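Here's the structure, in structure tokens; my notes come after.
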Amino acid sequence: MSKTSIPRGTRDFSPDEMAKRNYIFDTIRTVFKCYGYAPIETPAMENLSTLLGKYGEEGDKLLFKILNSGNPFAEVSAAELENSNAVTFKVSEKGLRYDLTVPFARYVVQHQNDINFPFRRYQIQPVWRADRPQKGRYREFYQCDADVVGSASLLNEVELVQMVDDVFTRFGISVTIKINNRKVLSGIADVMGASDKLIDITVAIDKIDKIGQESVLEELRAKGVAEEAVQKLLPILLLNGTTDEKLDKLSDILSSSETGMMGISELRTIFGHLKFFSLPQKVEVDLSLARGLNYYTGAIFEVKANDVAIGSICGGGRYDDLTGIFGLKNVSGVGISFGADRIFDVLTALDKFPTAATETTKVLFLNFGSQEIVTALSCLKNVRAAGISAEIYPDAVKIKKQMEYANKRNIPYIAIIGEEEEKNSVISLKSMKSGNQQVVSLEALIQLLV
């Protein structure tokens, strides 16, 4: 018999882990709602025509494609076998969603007559990528997205930074919020004399944290970027100083690029607004930040945990014509995506989950047998009606076994209604942490636990 398992890059979650995950989702959802974002959901699978070509060549390779039912190759002709695209759409017309942004753009176009613009939505759902599993990188993982479409105002970017700051402050995680602009990257490609290699340049730069500076330069050379152009890129990536100093130096370098100067202007506007807010988290310009997805056109964001070695735990950016791909032109959008699974790993590594996040049952009523069970059930009903999570041990077994169950479940209180308690219409409430026990009325018990 083969050993039972799950696919690599996926995970099961225990009740304790799910309680912690729900704490993450609830915290992020609370912030989203505070900023006026409304929830939507989209299907786990989309038509391949919706997904392909939106994430770049490398992203397309990571799409999970779904075979049509039955024998998908039965209708494929010899001529079609020579055309990989023809075969793909003949045997597989659908794929699991790679992210939540492209399906959202499809949603906006499909439901445009029912949407009030600017449209703020949030979405918390799983996505799938056929990536190589490793620490902090999974094939199935949740994203928590917030996007606003129908407005080109940079105030949206400012609010997104505030939202990121708010979320991670609530989690107690120290982070650095990195910001760049794809127009700046276009300007860099211009002054390098390699405008035609913009995608290659951004894809390579986006890997700088993973493979290092020298490997990025080697990759650019391998992609056909001239050595002279490569050497022009290096000092730009090494620019240091304050945000204003970096932007001043960059303005001198990109002065001949209209697009690059526009990107610098947008960055100045965003940081100019942020100066009016006292943000607990660090916010900085990072000129090596590229975000590999092709649809970004303006400001781009990435968030790194300062105290845990892990990849980006949040990212996003401005996309000016993503809906245009589906037929709705001139609808600019911007959004961010929180990586719930990596945030889980960071909170675990830092031991930052609050005790209340994993608390399920607050009080366990012990089972003393049929005579006392009716009273216990009546009290249990009232305790639950007060919003207190409570349960009763289902079997009238030895009290020691029931207490061990409470300990293993980390249930903080035990309610005892034995013969003496029932006779006096009281409850003995025991704290499992301190061992202290007190005799209380039902009303007092509720007041103590609520």
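Ordered as shown in the structure tokens, chains take letters A, B, and onward, while each chain numbers its residues from 1 and ligands are numbered from 1 in the order shown.
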*asked:* Please extract the residues of segment 6-206 of chain A with a backbone DSSP assignment of alpha helix (DSSP H) and present them as a PyMOL selection string.
replied: chain A and resi 15-34+48-51+56-61+78-81+84-91+101-110+155-171+182-192+198-205
*Excluding same-chain residues fewer than 5 positions from Ile427 of chain A, what lies within 12 Å of it counting only C-alpha atoms, as a PyMOL selection string?*
chain A and resi 365-366+372+375-376+379-380+413-422+437-446
Would you write out, as JSON lines, a table of all residues in segment 111-185 of chain A that have an atom no more than 8 Å from an atom of segment 336-340 of chain A, listing for each the closest atom pair and the distance in Å to one decimal, considering only C-alpha atoms and ordering rows by chain and rising residue number?
{"residue": "A:Phe141", "atom": "CA", "partner": "A:Ala340", "partner_atom": "CA", "distance": 7.6}
{"residue": "A:Tyr142", "atom": "CA", "partner": "A:Ala340", "partner_atom": "CA", "distance": 5.7}
{"residue": "A:Gln143", "atom": "CA", "partner": "A:Gly339", "partner_atom": "CA", "distance": 5.1}
{"residue": "A:Cys144", "atom": "CA", "partner": "A:Phe338", "partner_atom": "CA", "distance": 4.9}
{"residue": "A:Asp145", "atom": "CA", "partner": "A:Ser337", "partner_atom": "CA", "distance": 4.3}
{"residue": "A:Ala146", "atom": "CA", "partner": "A:Ile336", "partner_atom": "CA", "distance": 5.6}
{"residue": "A:Asp147", "atom": "CA", "partner": "A:Ile336", "partner_atom": "CA", "distance": 6.5}
{"residue": "A:Leu160", "atom": "CA", "partner": "A:Ile336", "partner_atom": "CA", "distance": 7.1}
*Identify, with DSSP run on backbone atoms, the residues in segment 274-324 of chain A assigned to strand (DSSP E), and express the list as a ChimeraX atom specification.*
/A:282-285,299-305,314-319
*Do a neighbour search on segment 228-242 of chain A at 7 Å with only C-alpha atoms, toss out local chain neighbours closer than 3 positions, and write the hits as a list in words.*
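Residues meeting the cut-off are Met192, Gly193, Ala194, Leu217, Val225, Glu245, Lys246, Leu287 and Ser288 of chain A.
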*Hey, what's within 10 Å of segment 129-131 of chain A if we count only C-alpha atoms and toss same-chain stuff fewer than 4 positions away? As a list in words, please?*
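So, after excluding close chain neighbours, the residues are Gly9, Gly59, Asp60, Lys61, Leu62, Leu63, Phe64, Lys65, Leu96, Arg97, Tyr98, Asp99, Arg137, Tyr138, Arg139, Glu140 and Phe141 of chain A.
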Keeping only N, CA and C atoms, write those residues as an mmCIF file, in the first residue's frame.
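The new file selection-v4.cif reads:
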data_model
loop_
_atom_site.group_PDB
_atom_site.id
_atom_site.type_symbol
_atom_site.label_atom_id
_atom_site.label_comp_id
_atom_site.auth_asym_id
_atom_site.auth_seq_id
_atom_site.Cartn_x
_atom_site.Cartn_y
_atom_site.Cartn_z
ATOM 1 N N GLY A 9 4.385 21.181 -2.146
ATOM 2 C CA GLY A 9 4.048 22.598 -2.247
ATOM 3 C C GLY A 9 2.672 22.933 -1.714
ATOM 4 N N GLY A 59 5.996 33.709 -16.018
ATOM 5 C CA GLY A 59 4.732 33.488 -15.325
ATOM 6 C C GLY A 59 3.862 32.483 -16.042
ATOM 7 N N ASP A 60 3.826 32.536 -17.378
ATOM 8 C CA ASP A 60 3.032 31.584 -18.158
ATOM 9 C C ASP A 60 3.473 30.146 -17.894
ATOM 10 N N LYS A 61 4.770 29.953 -17.673
ATOM 11 C CA LYS A 61 5.290 28.602 -17.427
ATOM 12 C C LYS A 61 4.823 28.048 -16.085
ATOM 13 N N LEU A 62 4.412 28.938 -15.191
ATOM 14 C CA LEU A 62 4.028 28.507 -13.849
ATOM 15 C C LEU A 62 2.521 28.325 -13.688
ATOM 16 N N LEU A 63 1.782 28.464 -14.784
ATOM 17 C CA LEU A 63 0.331 28.263 -14.727
ATOM 18 C C LEU A 63 0.001 26.779 -14.624
ATOM 19 N N PHE A 64 -0.892 26.436 -13.707
ATOM 20 C CA PHE A 64 -1.434 25.077 -13.653
ATOM 21 C C PHE A 64 -2.581 25.000 -14.666
ATOM 22 N N LYS A 65 -2.416 24.158 -15.697
ATOM 23 C CA LYS A 65 -3.451 24.001 -16.719
ATOM 24 C C LYS A 65 -4.308 22.781 -16.407
ATOM 25 N N LEU A 96 -5.859 27.037 -13.302
ATOM 26 C CA LEU A 96 -6.038 27.583 -11.951
ATOM 27 C C LEU A 96 -5.478 28.999 -11.913
ATOM 28 N N ARG A 97 -6.144 29.871 -11.194
ATOM 29 C CA ARG A 97 -5.713 31.270 -11.195
ATOM 30 C C ARG A 97 -4.320 31.412 -10.586
ATOM 31 N N TYR A 98 -3.509 32.257 -11.208
ATOM 32 C CA TYR A 98 -2.116 32.504 -10.814
ATOM 33 C C TYR A 98 -2.036 33.593 -9.748
ATOM 34 N N ASP A 99 -2.967 34.533 -9.837
ATOM 35 C CA ASP A 99 -3.082 35.590 -8.845
ATOM 36 C C ASP A 99 -4.531 36.033 -8.802
ATOM 37 N N ARG A 137 7.888 29.290 -0.057
ATOM 38 C CA ARG A 137 7.339 29.304 -1.417
ATOM 39 C C ARG A 137 6.506 28.042 -1.627
ATOM 40 N N TYR A 138 5.226 28.227 -1.895
ATOM 41 C CA TYR A 138 4.308 27.102 -1.995
ATOM 42 C C TYR A 138 3.615 27.096 -3.358
ATOM 43 N N ARG A 139 3.064 25.951 -3.719
ATOM 44 C CA ARG A 139 2.320 25.855 -4.977
ATOM 45 C C ARG A 139 0.870 26.268 -4.808
ATOM 46 N N GLU A 140 0.365 26.146 -3.615
ATOM 47 C CA GLU A 140 -0.973 26.633 -3.289
ATOM 48 C C GLU A 140 -0.843 27.547 -2.089
ATOM 49 N N PHE A 141 -1.318 28.761 -2.222
ATOM 50 C CA PHE A 141 -1.220 29.698 -1.116
ATOM 51 C C PHE A 141 -2.307 30.764 -1.247
#
*What lies within 12 Å of segment 178-180 of chain A using only C-alpha atoms, ignoring chain neighbours under 2 positions off, as an MDAnalysis selection string?*
chainID A and resid 157:158 160:161 164:165 175:176 182:186 202 206 237 243 246:247 250 260 263:268 270:271 281:291 296:306 312:318 336
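Of the residues under consideration (A:Asp341, A:Ser195, A:Gly333, A:Phe117), A:Asp341 shows the shortest atom-to-atom contact distance to Gly311 of chain A when counting only C-alpha atoms.
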*Nearest-residue call for Lys362 of chain A, choices A:Gly150, A:Gly387, A:Gly187, A:Gly272, using only C-alpha atoms*: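 Among A:Gly150, A:Gly387, A:Gly187, A:Gly272, it is A:Gly387 that comes nearest to Lys362 of chain A.
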*Could you tell me how far atom CA of Gly324 of chain A lies from atom CA of Ala189 of chain A, in Å and to one decimal?*
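The value is 24.7 Å.
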_Give me, as a list in words, all polymer residues having an atom no more than 8 Å from segment 42-50 of chain A, counting only C-alpha atoms and skipping those fewer than 5 positions away in the same chain._
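So, after excluding close chain neighbours, the residues are Lys65, Phe89, Ser92, Glu93, Lys94, Gly95, Leu96, Arg97, Val102, Pro103, Phe104, Arg106, Tyr107, Pro126 and Val127 of chain A.
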Could you pull the residues within 12 Å of Glu159 of chain A, counting only C-alpha atoms, minus those fewer than 5 positions along the same chain, as an mmCIF file with C-alpha atoms, in the first residue's frame?
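Now in part-v4.cif:
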data_model
loop_
_atom_site.group_PDB
_atom_site.id
_atom_site.type_symbol
_atom_site.label_atom_id
_atom_site.label_comp_id
_atom_site.auth_asym_id
_atom_site.auth_seq_id
_atom_site.Cartn_x
_atom_site.Cartn_y
_atom_site.Cartn_z
ATOM 1 C CA VAL A 31 -8.169 46.993 7.758
ATOM 2 C CA PHE A 32 -9.565 46.569 4.242
ATOM 3 C CA CYS A 34 -11.748 50.400 7.434
ATOM 4 C CA TYR A 35 -10.552 51.889 4.150
ATOM 5 C CA GLY A 36 -13.853 51.306 2.355
ATOM 6 C CA TYR A 37 -13.034 48.168 0.353
ATOM 7 C CA ARG A 120 -12.631 49.401 -4.255
ATOM 8 C CA ALA A 146 -7.097 45.156 -2.145
ATOM 9 C CA ASP A 147 -7.437 47.111 -5.422
ATOM 10 C CA VAL A 148 -9.060 50.318 -6.562
ATOM 11 C CA SER A 153 -4.976 59.590 -8.442
ATOM 12 C CA LEU A 154 -1.733 58.969 -6.560
ATOM 13 C CA VAL A 164 0.225 48.160 4.687
ATOM 14 C CA ASP A 165 1.594 50.093 7.646
ATOM 15 C CA ASP A 166 -1.662 49.582 9.552
ATOM 16 C CA ILE A 270 3.757 59.843 -3.035
ATOM 17 C CA PHE A 271 6.588 60.459 -0.580
ATOM 18 C CA HIS A 273 2.105 63.010 1.019
ATOM 19 C CA LEU A 274 3.557 60.302 3.258
ATOM 20 C CA PHE A 277 1.797 60.858 8.394
ATOM 21 C CA LEU A 279 4.069 55.812 9.977
ATOM 22 C CA VAL A 334 -3.637 50.034 -8.320
ATOM 23 C CA GLY A 335 -3.525 47.377 -5.647
ATOM 24 C CA ILE A 336 -1.592 45.394 -3.080
#
*So how far away is atom CA of Ala105 of chain A from atom CA of Thr323 of chain A, in Å?*
5.1 Å
*Any idea what the distance is between atom CA of Asp321 of chain A and atom CA of Val149 of chain A?*
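Rounded to one decimal, the two atoms are 10.2 Å apart.
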*Which is closer to Gly53 of chain A than all the others in A:Tyr295, A:Asn410, A:Ala349, A:Val308, using only C-alpha atoms?*
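Closest to Gly53 of chain A of all the choices is A:Tyr295.
Nearest to Lys408 of chain A of all the residues A:Ala226, A:Met432, A:Ala385, A:Leu448 is A:Met432, counting only C-alpha atoms.
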